[in-house]
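**Q** So that we are looking at the same thing, I have put the structure below in structure tokens.
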Amino acid sequence: MSEQRMPRWLALVAAAIGFFLLVPTLIVVPLSFSSARFLEFPPPGFSVEWYENFANSPNWTNAAWNSLKIGLAAAALSTVLGTACALGVQRANVRAKGVLNAIVIAPMVVPVVVIAVGTYDVFARWGLAGTFAGLVIGHTVLAMPFVYVTVGSGLRTFDRSLERAALTLGASPMSVLWRITLPLLAPHIAIGALFAFITSWDEVVVSVFLSSPFLRTLPIEMFNQLETNLDPTIAAVATLLMAVTTMILAAVAVLRARQSVRRPTGGNP
């Protein structure tokens with residue numbers, strides 16, 4: 001069967017929407033190289049002064065380091081919990097499977113403000129508000145569903161006959177998990193981990209509630225700087241954030257491409 005081509009008008013609409021979404025980026029990036037002292041478009045000249053200002057400012061570098069540490073910790077924790085939940089829920093033979101699935105993916109549906117307010121109320125009582133652990137846990141709550149959904153999609157196409165064959169040959173369930181199940185799900189787990197890091201890296205709302213004057217992430221520092229010092233350093237930081245996100249999305253695309261190439265096209269014998 002020949003593939004159906006997209007109608008020309010629909011392709012034009014998609015291109016127009018893509019351009020509309022890309023316009024802010026096309027403005028922010030040139031502003032980060034502006035020689036003006038304030039945000040001015042079009043830039044009067046070219047300069048890398050604002051990137052140097054970012055690199056030499058303790059406030060910016062500390063915030064970037066905090067975002068990196070929190071993002072890596074949240075991604076690692078989300079990957080472990082999300083993979084475990086996917087294995088447990090997707091293979092559960094219980095009537096409440098749909099309810100369990102809805103509970104796990106709830107942070108993707110519930111407004112972030114609601115989650116942030118509830119998290120702050122609980123963490124304030126537990127003494128976790130304004131701490132590194134509190135931010136990691138808060139970001140994990142938002143990032144874990146992405147790992148769960150990604151790994152769950154891999155489990156739907158997973159050939160369980162490989163596990164049954166290994167069990168028949170005398171392998172223990174734990175050995176099957178570590179040597180067969182997880183290695184075959186590795187591309188899905190890696191993609192979920194990358195999405196989890198992006199979620200934490202760009203998170204603002206939960207960070208506003210859980211951060212402190214001594215522990216700020218990069219997006220929070222951007223908001224604080226907008227109130228006191230509106231210079232092109234903001235644009236430089238935004239460009240760096242977009243660059244990191246774009247590289248991670250490119251890595252996800254590469255992983256998906258390799259996964260589709262390795263996937264067999266024929267049916268089971």
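Letters A, B, ... mark the chains of the structure tokens in the order given; residue numbers begin at 1 per chain; ligand numbers begin at 1, in order shown.
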Counting only C-alpha atoms, what is within 12 Å of range 59-72 of chain A, bar same-chain residues fewer than 4 positions away, as a count of residues only?

**A** 58

**Q** Taking the DSSP assignment computed from this structure's backbone, write out as a JSON list (two decimals) with N, CA and C atoms, in the first residue's frame all residues of range 17-157 of chain A that belong to alpha helix (DSSP H).

**A**
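The resulting out12.json:
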[["chain", "number", "residue", "atom", "x", "y", "z"],
["A", 17, "ILE", "N", 2.47, 27.19, 11.77],
["A", 17, "ILE", "CA", 2.45, 27.03, 13.22],
["A", 17, "ILE", "C", 3.88, 26.85, 13.74],
["A", 18, "GLY", "N", 4.69, 26.04, 13.02],
["A", 18, "GLY", "CA", 6.07, 25.86, 13.43],
["A", 18, "GLY", "C", 6.86, 27.16, 13.41],
["A", 19, "PHE", "N", 6.64, 27.98, 12.40],
["A", 19, "PHE", "CA", 7.32, 29.27, 12.33],
["A", 19, "PHE", "C", 6.88, 30.19, 13.47],
["A", 20, "PHE", "N", 5.58, 30.18, 13.78],
["A", 20, "PHE", "CA", 5.06, 31.01, 14.88],
["A", 20, "PHE", "C", 5.71, 30.61, 16.20],
["A", 21, "LEU", "N", 5.89, 29.31, 16.41],
["A", 21, "LEU", "CA", 6.52, 28.84, 17.65],
["A", 21, "LEU", "C", 8.02, 29.12, 17.67],
["A", 22, "LEU", "N", 8.62, 29.24, 16.49],
["A", 22, "LEU", "CA", 10.06, 29.44, 16.41],
["A", 22, "LEU", "C", 10.46, 30.91, 16.49],
["A", 23, "VAL", "N", 9.51, 31.81, 16.25],
["A", 23, "VAL", "CA", 9.83, 33.24, 16.22],
["A", 23, "VAL", "C", 10.49, 33.73, 17.51],
["A", 24, "PRO", "N", 9.97, 33.38, 18.70],
["A", 24, "PRO", "CA", 10.65, 33.85, 19.92],
["A", 24, "PRO", "C", 12.11, 33.43, 19.98],
["A", 25, "THR", "N", 12.40, 32.21, 19.52],
["A", 25, "THR", "CA", 13.79, 31.75, 19.51],
["A", 25, "THR", "C", 14.64, 32.59, 18.56],
["A", 26, "LEU", "N", 14.06, 32.91, 17.40],
["A", 26, "LEU", "CA", 14.80, 33.71, 16.42],
["A", 26, "LEU", "C", 15.11, 35.11, 16.94],
["A", 27, "ILE", "N", 14.34, 35.56, 17.94],
["A", 27, "ILE", "CA", 14.58, 36.89, 18.52],
["A", 27, "ILE", "C", 15.55, 36.79, 19.70],
["A", 28, "VAL", "N", 15.38, 35.78, 20.54],
["A", 28, "VAL", "CA", 16.19, 35.65, 21.76],
["A", 28, "VAL", "C", 17.66, 35.41, 21.44],
["A", 29, "VAL", "N", 17.92, 34.54, 20.47],
["A", 29, "VAL", "CA", 19.31, 34.20, 20.16],
["A", 29, "VAL", "C", 20.11, 35.42, 19.69],
["A", 30, "PRO", "N", 19.62, 36.23, 18.75],
["A", 30, "PRO", "CA", 20.38, 37.43, 18.38],
["A", 30, "PRO", "C", 20.56, 38.41, 19.54],
["A", 31, "LEU", "N", 19.54, 38.50, 20.41],
["A", 31, "LEU", "CA", 19.66, 39.40, 21.54],
["A", 31, "LEU", "C", 20.79, 39.00, 22.48],
["A", 32, "SER", "N", 21.09, 37.70, 22.55],
["A", 32, "SER", "CA", 22.16, 37.26, 23.44],
["A", 32, "SER", "C", 23.54, 37.69, 22.95],
["A", 49, "GLU", "N", 29.83, 39.63, 25.29],
["A", 49, "GLU", "CA", 30.01, 40.13, 26.65],
["A", 49, "GLU", "C", 29.05, 39.46, 27.63],
["A", 50, "TRP", "N", 27.83, 39.17, 27.18],
["A", 50, "TRP", "CA", 26.81, 38.67, 28.09],
["A", 50, "TRP", "C", 27.04, 37.20, 28.44],
["A", 51, "TYR", "N", 27.65, 36.46, 27.55],
["A", 51, "TYR", "CA", 28.06, 35.10, 27.89],
["A", 51, "TYR", "C", 29.21, 35.12, 28.90],
["A", 52, "GLU", "N", 30.11, 36.09, 28.74],
["A", 52, "GLU", "CA", 31.19, 36.24, 29.72],
["A", 52, "GLU", "C", 30.63, 36.68, 31.06],
["A", 53, "ASN", "N", 29.61, 37.54, 31.04],
["A", 53, "ASN", "CA", 28.97, 37.98, 32.27],
["A", 53, "ASN", "C", 28.33, 36.80, 32.99],
["A", 54, "PHE", "N", 27.73, 35.90, 32.22],
["A", 54, "PHE", "CA", 27.13, 34.70, 32.80],
["A", 54, "PHE", "C", 28.20, 33.82, 33.43],
["A", 55, "ALA", "N", 29.30, 33.60, 32.72],
["A", 55, "ALA", "CA", 30.36, 32.72, 33.20],
["A", 55, "ALA", "C", 31.07, 33.29, 34.43],
["A", 56, "ASN", "N", 31.11, 34.64, 34.56],
["A", 56, "ASN", "CA", 31.85, 35.27, 35.65],
["A", 56, "ASN", "C", 30.97, 35.64, 36.85],
["A", 58, "PRO", "N", 28.82, 34.70, 40.02],
["A", 58, "PRO", "CA", 28.56, 33.59, 40.95],
["A", 58, "PRO", "C", 27.08, 33.21, 41.03],
["A", 59, "ASN", "N", 26.20, 34.20, 40.94],
["A", 59, "ASN", "CA", 24.78, 33.90, 41.01],
["A", 59, "ASN", "C", 24.34, 33.00, 39.86],
["A", 60, "TRP", "N", 24.79, 33.34, 38.64],
["A", 60, "TRP", "CA", 24.42, 32.56, 37.47],
["A", 60, "TRP", "C", 25.06, 31.17, 37.50],
["A", 61, "THR", "N", 26.34, 31.12, 37.79],
["A", 61, "THR", "CA", 27.03, 29.82, 37.76],
["A", 61, "THR", "C", 26.53, 28.89, 38.85],
["A", 62, "ASN", "N", 26.24, 29.44, 40.04],
["A", 62, "ASN", "CA", 25.70, 28.60, 41.11],
["A", 62, "ASN", "C", 24.32, 28.07, 40.73],
["A", 63, "ALA", "N", 23.51, 28.93, 40.12],
["A", 63, "ALA", "CA", 22.18, 28.49, 39.70],
["A", 63, "ALA", "C", 22.28, 27.41, 38.62],
["A", 64, "ALA", "N", 23.21, 27.58, 37.68],
["A", 64, "ALA", "CA", 23.39, 26.57, 36.63],
["A", 64, "ALA", "C", 23.87, 25.25, 37.23],
["A", 65, "TRP", "N", 24.79, 25.33, 38.17],
["A", 65, "TRP", "CA", 25.28, 24.12, 38.82],
["A", 65, "TRP", "C", 24.17, 23.43, 39.61],
["A", 66, "ASN", "N", 23.34, 24.22, 40.29],
["A", 66, "ASN", "CA", 22.21, 23.63, 41.01],
["A", 66, "ASN", "C", 21.24, 22.95, 40.06],
["A", 67, "SER", "N", 20.94, 23.59, 38.94],
["A", 67, "SER", "CA", 20.03, 22.99, 37.95],
["A", 67, "SER", "C", 20.59, 21.68, 37.42],
["A", 68, "LEU", "N", 21.90, 21.65, 37.17],
["A", 68, "LEU", "CA", 22.52, 20.43, 36.64],
["A", 68, "LEU", "C", 22.46, 19.31, 37.68],
["A", 69, "LYS", "N", 22.82, 19.61, 38.91],
["A", 69, "LYS", "CA", 22.81, 18.58, 39.96],
["A", 69, "LYS", "C", 21.39, 18.07, 40.22],
["A", 70, "ILE", "N", 20.45, 18.99, 40.33],
["A", 70, "ILE", "CA", 19.07, 18.60, 40.60],
["A", 70, "ILE", "C", 18.51, 17.82, 39.41],
["A", 71, "GLY", "N", 18.83, 18.26, 38.18],
["A", 71, "GLY", "CA", 18.34, 17.57, 37.00],
["A", 71, "GLY", "C", 18.87, 16.15, 36.89],
["A", 72, "LEU", "N", 20.16, 15.97, 37.15],
["A", 72, "LEU", "CA", 20.74, 14.63, 37.08],
["A", 72, "LEU", "C", 20.18, 13.73, 38.18],
["A", 73, "ALA", "N", 20.05, 14.27, 39.39],
["A", 73, "ALA", "CA", 19.51, 13.46, 40.49],
["A", 73, "ALA", "C", 18.05, 13.10, 40.24],
["A", 74, "ALA", "N", 17.26, 14.08, 39.78],
["A", 74, "ALA", "CA", 15.85, 13.80, 39.49],
["A", 74, "ALA", "C", 15.69, 12.83, 38.34],
["A", 75, "ALA", "N", 16.55, 12.95, 37.32],
["A", 75, "ALA", "CA", 16.48, 12.03, 36.18],
["A", 75, "ALA", "C", 16.83, 10.60, 36.62],
["A", 76, "ALA", "N", 17.86, 10.46, 37.45],
["A", 76, "ALA", "CA", 18.24, 9.13, 37.93],
["A", 76, "ALA", "C", 17.13, 8.51, 38.78],
["A", 77, "LEU", "N", 16.58, 9.29, 39.71],
["A", 77, "LEU", "CA", 15.52, 8.78, 40.57],
["A", 77, "LEU", "C", 14.26, 8.48, 39.77],
["A", 78, "SER", "N", 13.93, 9.35, 38.81],
["A", 78, "SER", "CA", 12.75, 9.14, 37.98],
["A", 78, "SER", "C", 12.90, 7.90, 37.11],
["A", 79, "THR", "N", 14.12, 7.66, 36.62],
["A", 79, "THR", "CA", 14.35, 6.49, 35.77],
["A", 79, "THR", "C", 14.14, 5.20, 36.54],
["A", 80, "VAL", "N", 14.66, 5.15, 37.76],
["A", 80, "VAL", "CA", 14.51, 3.94, 38.58],
["A", 80, "VAL", "C", 13.04, 3.73, 38.94],
["A", 81, "LEU", "N", 12.39, 4.77, 39.45],
["A", 81, "LEU", "CA", 11.00, 4.63, 39.89],
["A", 81, "LEU", "C", 10.06, 4.43, 38.70],
["A", 82, "GLY", "N", 10.27, 5.18, 37.63],
["A", 82, "GLY", "CA", 9.40, 5.06, 36.46],
["A", 82, "GLY", "C", 9.50, 3.70, 35.80],
["A", 83, "THR", "N", 10.72, 3.16, 35.70],
["A", 83, "THR", "CA", 10.90, 1.83, 35.12],
["A", 83, "THR", "C", 10.26, 0.76, 36.00],
["A", 84, "ALA", "N", 10.45, 0.88, 37.30],
["A", 84, "ALA", "CA", 9.85, -0.08, 38.22],
["A", 84, "ALA", "C", 8.32, -0.03, 38.16],
["A", 85, "CYS", "N", 7.77, 1.19, 38.10],
["A", 85, "CYS", "CA", 6.31, 1.32, 38.01],
["A", 85, "CYS", "C", 5.79, 0.75, 36.69],
["A", 86, "ALA", "N", 6.51, 0.98, 35.61],
["A", 86, "ALA", "CA", 6.07, 0.47, 34.31],
["A", 86, "ALA", "C", 6.06, -1.05, 34.31],
["A", 87, "LEU", "N", 7.11, -1.65, 34.86],
["A", 87, "LEU", "CA", 7.16, -3.12, 34.93],
["A", 87, "LEU", "C", 6.05, -3.66, 35.83],
["A", 88, "GLY", "N", 5.80, -2.99, 36.93],
["A", 88, "GLY", "CA", 4.79, -3.47, 37.85],
["A", 88, "GLY", "C", 3.37, -3.28, 37.35],
["A", 89, "VAL", "N", 3.06, -2.07, 36.86],
["A", 89, "VAL", "CA", 1.69, -1.77, 36.45],
["A", 89, "VAL", "C", 1.34, -2.43, 35.12],
["A", 90, "GLN", "N", 2.22, -2.34, 34.14],
["A", 90, "GLN", "CA", 1.91, -2.89, 32.82],
["A", 90, "GLN", "C", 1.74, -4.41, 32.85],
["A", 97, "LYS", "N", -5.82, -2.04, 37.38],
["A", 97, "LYS", "CA", -4.69, -1.64, 36.55],
["A", 97, "LYS", "C", -4.90, -0.26, 35.95],
["A", 98, "GLY", "N", -6.11, 0.01, 35.50],
["A", 98, "GLY", "CA", -6.40, 1.34, 34.94],
["A", 98, "GLY", "C", -6.27, 2.44, 35.96],
["A", 99, "VAL", "N", -6.69, 2.17, 37.19],
["A", 99, "VAL", "CA", -6.59, 3.16, 38.26],
["A", 99, "VAL", "C", -5.13, 3.43, 38.59],
["A", 100, "LEU", "N", -4.33, 2.35, 38.67],
["A", 100, "LEU", "CA", -2.90, 2.52, 38.95],
["A", 100, "LEU", "C", -2.23, 3.33, 37.85],
["A", 101, "ASN", "N", -2.58, 3.05, 36.61],
["A", 101, "ASN", "CA", -2.01, 3.78, 35.49],
["A", 101, "ASN", "C", -2.36, 5.26, 35.56],
["A", 102, "ALA", "N", -3.61, 5.56, 35.92],
["A", 102, "ALA", "CA", -4.04, 6.96, 36.03],
["A", 102, "ALA", "C", -3.31, 7.68, 37.15],
["A", 103, "ILE", "N", -3.07, 6.98, 38.26],
["A", 103, "ILE", "CA", -2.37, 7.60, 39.39],
["A", 103, "ILE", "C", -0.94, 7.96, 39.01],
["A", 104, "VAL", "N", -0.27, 7.06, 38.30],
["A", 104, "VAL", "CA", 1.14, 7.29, 37.96],
["A", 104, "VAL", "C", 1.28, 8.46, 36.99],
["A", 106, "ALA", "N", -0.80, 10.93, 36.62],
["A", 106, "ALA", "CA", -1.54, 12.11, 37.07],
["A", 106, "ALA", "C", -0.73, 13.40, 37.00],
["A", 107, "PRO", "N", 0.58, 13.41, 37.37],
["A", 107, "PRO", "CA", 1.34, 14.67, 37.29],
["A", 107, "PRO", "C", 1.42, 15.26, 35.88],
["A", 108, "MET", "N", 1.17, 14.45, 34.84],
["A", 108, "MET", "CA", 1.17, 14.97, 33.48],
["A", 108, "MET", "C", -0.15, 15.65, 33.14],
["A", 109, "VAL", "N", -1.20, 15.38, 33.93],
["A", 109, "VAL", "CA", -2.54, 15.90, 33.66],
["A", 109, "VAL", "C", -2.94, 17.01, 34.61],
["A", 112, "VAL", "N", 0.28, 22.12, 37.04],
["A", 112, "VAL", "CA", 1.53, 22.14, 37.80],
["A", 112, "VAL", "C", 1.38, 23.00, 39.06],
["A", 113, "VAL", "N", 0.57, 24.05, 38.98],
["A", 113, "VAL", "CA", 0.38, 24.91, 40.16],
["A", 113, "VAL", "C", -0.24, 24.12, 41.30],
["A", 114, "VAL", "N", -1.19, 23.27, 40.98],
["A", 114, "VAL", "CA", -1.84, 22.45, 42.02],
["A", 114, "VAL", "C", -0.81, 21.53, 42.68],
["A", 115, "ILE", "N", 0.02, 20.90, 41.85],
["A", 115, "ILE", "CA", 1.06, 20.02, 42.39],
["A", 115, "ILE", "C", 2.04, 20.82, 43.24],
["A", 116, "ALA", "N", 2.41, 22.00, 42.77],
["A", 116, "ALA", "CA", 3.38, 22.82, 43.50],
["A", 116, "ALA", "C", 2.84, 23.24, 44.87],
["A", 117, "VAL", "N", 1.58, 23.66, 44.91],
["A", 117, "VAL", "CA", 0.99, 24.09, 46.19],
["A", 117, "VAL", "C", 0.89, 22.92, 47.15],
["A", 118, "GLY", "N", 0.42, 21.77, 46.65],
["A", 118, "GLY", "CA", 0.32, 20.60, 47.52],
["A", 118, "GLY", "C", 1.67, 20.12, 47.99],
["A", 119, "THR", "N", 2.66, 20.12, 47.09],
["A", 119, "THR", "CA", 4.00, 19.68, 47.46],
["A", 119, "THR", "C", 4.61, 20.61, 48.51],
["A", 120, "TYR", "N", 4.42, 21.91, 48.33],
["A", 120, "TYR", "CA", 4.97, 22.86, 49.30],
["A", 120, "TYR", "C", 4.34, 22.67, 50.67],
["A", 121, "ASP", "N", 3.03, 22.46, 50.71],
["A", 121, "ASP", "CA", 2.34, 22.29, 52.00],
["A", 121, "ASP", "C", 2.88, 21.07, 52.74],
["A", 122, "VAL", "N", 3.08, 19.97, 52.03],
["A", 122, "VAL", "CA", 3.58, 18.75, 52.66],
["A", 122, "VAL", "C", 5.05, 18.90, 53.04],
["A", 123, "PHE", "N", 5.85, 19.43, 52.10],
["A", 123, "PHE", "CA", 7.29, 19.54, 52.35],
["A", 123, "PHE", "C", 7.60, 20.55, 53.44],
["A", 124, "ALA", "N", 6.78, 21.58, 53.60],
["A", 124, "ALA", "CA", 7.00, 22.55, 54.67],
["A", 124, "ALA", "C", 6.83, 21.89, 56.03],
["A", 125, "ARG", "N", 5.91, 20.95, 56.13],
["A", 125, "ARG", "CA", 5.71, 20.23, 57.39],
["A", 125, "ARG", "C", 6.85, 19.25, 57.64],
["A", 126, "TRP", "N", 7.39, 18.69, 56.59],
["A", 126, "TRP", "CA", 8.46, 17.70, 56.73],
["A", 126, "TRP", "C", 9.85, 18.33, 56.77],
["A", 132, "PHE", "N", 17.83, 20.83, 48.94],
["A", 132, "PHE", "CA", 18.20, 20.12, 47.72],
["A", 132, "PHE", "C", 17.35, 18.87, 47.54],
["A", 133, "ALA", "N", 17.17, 18.11, 48.62],
["A", 133, "ALA", "CA", 16.37, 16.89, 48.54],
["A", 133, "ALA", "C", 14.92, 17.20, 48.17],
["A", 134, "GLY", "N", 14.38, 18.28, 48.70],
["A", 134, "GLY", "CA", 13.01, 18.65, 48.38],
["A", 134, "GLY", "C", 12.83, 18.98, 46.91],
["A", 135, "LEU", "N", 13.78, 19.72, 46.35],
["A", 135, "LEU", "CA", 13.70, 20.05, 44.92],
["A", 135, "LEU", "C", 13.83, 18.79, 44.07],
["A", 136, "VAL", "N", 14.73, 17.90, 44.45],
["A", 136, "VAL", "CA", 14.91, 16.67, 43.67],
["A", 136, "VAL", "C", 13.63, 15.84, 43.69],
["A", 137, "ILE", "N", 13.02, 15.70, 44.86],
["A", 137, "ILE", "CA", 11.79, 14.92, 44.96],
["A", 137, "ILE", "C", 10.66, 15.59, 44.19],
["A", 138, "GLY", "N", 10.55, 16.91, 44.32],
["A", 138, "GLY", "CA", 9.51, 17.63, 43.60],
["A", 138, "GLY", "C", 9.65, 17.50, 42.10],
["A", 139, "HIS", "N", 10.87, 17.60, 41.58],
["A", 139, "HIS", "CA", 11.09, 17.43, 40.15],
["A", 139, "HIS", "C", 10.86, 15.99, 39.72],
["A", 140, "THR", "N", 11.18, 15.05, 40.61],
["A", 140, "THR", "CA", 10.97, 13.64, 40.29],
["A", 140, "THR", "C", 9.49, 13.34, 40.11],
["A", 141, "VAL", "N", 8.65, 13.96, 40.92],
["A", 141, "VAL", "CA", 7.20, 13.75, 40.80],
["A", 141, "VAL", "C", 6.72, 14.14, 39.41],
["A", 142, "LEU", "N", 7.26, 15.23, 38.86],
["A", 142, "LEU", "CA", 6.86, 15.68, 37.53],
["A", 142, "LEU", "C", 7.51, 14.89, 36.41],
["A", 143, "ALA", "N", 8.72, 14.40, 36.64],
["A", 143, "ALA", "CA", 9.48, 13.75, 35.57],
["A", 143, "ALA", "C", 9.20, 12.26, 35.45],
["A", 144, "MET", "N", 8.83, 11.61, 36.55],
["A", 144, "MET", "CA", 8.66, 10.16, 36.53],
["A", 144, "MET", "C", 7.63, 9.68, 35.52],
["A", 145, "PRO", "N", 6.48, 10.36, 35.34],
["A", 145, "PRO", "CA", 5.52, 9.88, 34.34],
["A", 145, "PRO", "C", 6.08, 9.77, 32.93],
["A", 146, "PHE", "N", 7.04, 10.62, 32.57],
["A", 146, "PHE", "CA", 7.62, 10.54, 31.23],
["A", 146, "PHE", "C", 8.41, 9.24, 31.07],
["A", 147, "VAL", "N", 9.12, 8.83, 32.11],
["A", 147, "VAL", "CA", 9.82, 7.56, 32.07],
["A", 147, "VAL", "C", 8.82, 6.41, 32.03],
["A", 148, "TYR", "N", 7.78, 6.52, 32.82],
["A", 148, "TYR", "CA", 6.77, 5.48, 32.89],
["A", 148, "TYR", "C", 6.11, 5.26, 31.53],
["A", 149, "VAL", "N", 5.73, 6.33, 30.88],
["A", 149, "VAL", "CA", 5.06, 6.22, 29.58],
["A", 149, "VAL", "C", 6.01, 5.66, 28.53],
["A", 150, "THR", "N", 7.26, 6.12, 28.52],
["A", 150, "THR", "CA", 8.22, 5.67, 27.53],
["A", 150, "THR", "C", 8.56, 4.19, 27.70],
["A", 151, "VAL", "N", 8.84, 3.79, 28.93],
["A", 151, "VAL", "CA", 9.15, 2.38, 29.18],
["A", 151, "VAL", "C", 7.91, 1.51, 28.96],
["A", 152, "GLY", "N", 6.74, 2.02, 29.32],
["A", 152, "GLY", "CA", 5.51, 1.28, 29.10],
["A", 152, "GLY", "C", 5.24, 1.00, 27.63],
["A", 153, "SER", "N", 5.57, 1.97, 26.77],
["A", 153, "SER", "CA", 5.41, 1.74, 25.33],
["A", 153, "SER", "C", 6.35, 0.65, 24.84],
["A", 154, "GLY", "N", 7.54, 0.55, 25.43],
["A", 154, "GLY", "CA", 8.45, -0.52, 25.06],
["A", 154, "GLY", "C", 7.96, -1.88, 25.53],
["A", 155, "LEU", "N", 7.31, -1.90, 26.68],
["A", 155, "LEU", "CA", 6.80, -3.17, 27.20],
["A", 155, "LEU", "C", 5.65, -3.71, 26.36],
["A", 156, "ARG", "N", 4.91, -2.83, 25.70],
["A", 156, "ARG", "CA", 3.79, -3.30, 24.89],
["A", 156, "ARG", "C", 4.26, -4.08, 23.67]]

**Q** With only C-alpha atoms as the basis for distance, which of A:Phe158, A:Leu128, A:Ser47, A:Val176 is at the shortest distance from Arg91 in chain A?

**A**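 Checking each of A:Phe158, A:Leu128, A:Ser47, A:Val176 against Arg91 in chain A, counting only C-alpha atoms, the winner is A:Phe158.
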
**Q** May I have the residues within 7 Å of range 35-37 of chain A as a PyMOL selection string, using only C-alpha atoms and disregarding those fewer than 3 positions away in the same chain?

**A** chain A and resi 40+43-47+231

**Q** Taking N, CA and C atoms for each residue, export the selection above as a compact mmCIF listing (two decimals), in the first residue's frame.

**A**
# COMPACT_ATOMS: atom_id res chain seq x y z
N GLU A 40 17.44 45.09 23.26
CA GLU A 40 17.11 45.96 22.14
C GLU A 40 17.15 45.13 20.85
N PRO A 43 19.65 44.03 17.32
CA PRO A 43 20.86 44.42 18.06
C PRO A 43 21.68 45.44 17.27
N PRO A 44 22.21 46.44 17.95
CA PRO A 44 23.02 47.44 17.24
C PRO A 44 24.39 46.92 16.84
N GLY A 45 24.86 45.85 17.48
CA GLY A 45 26.17 45.30 17.17
C GLY A 45 26.32 43.91 17.75
N PHE A 46 27.48 43.32 17.52
CA PHE A 46 27.76 41.95 17.97
C PHE A 46 28.70 41.97 19.16
N SER A 47 28.40 41.11 20.17
CA SER A 47 29.25 41.02 21.35
C SER A 47 28.96 39.71 22.08
N ASP A 231 19.17 42.94 31.47
CA ASP A 231 20.18 43.10 30.43
C ASP A 231 20.22 41.85 29.57

**Q** So how far away is CA of His188 in chain A from CA of Pro173 in chain A, in Å?

**A**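 Atom-to-atom, CA of Pro173 in chain A to CA of His188 in chain A, that is 20.9 Å.
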
**Q** For CA of Ala92 in chain A and CA of Thr181 in chain A, determine how far apart the two atoms are, in Å to one decimal place.

**A**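 Going from CA of Ala92 in chain A over to CA of Thr181 in chain A covers 16.0 Å.
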
**Q** Rounded to one decimal in Å, what is the spacing between CA of Asn93 in chain A and CA of Arg160 in chain A?

**A**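 About the pair CA of Asn93 in chain A and CA of Arg160 in chain A: they are 15.1 Å apart.
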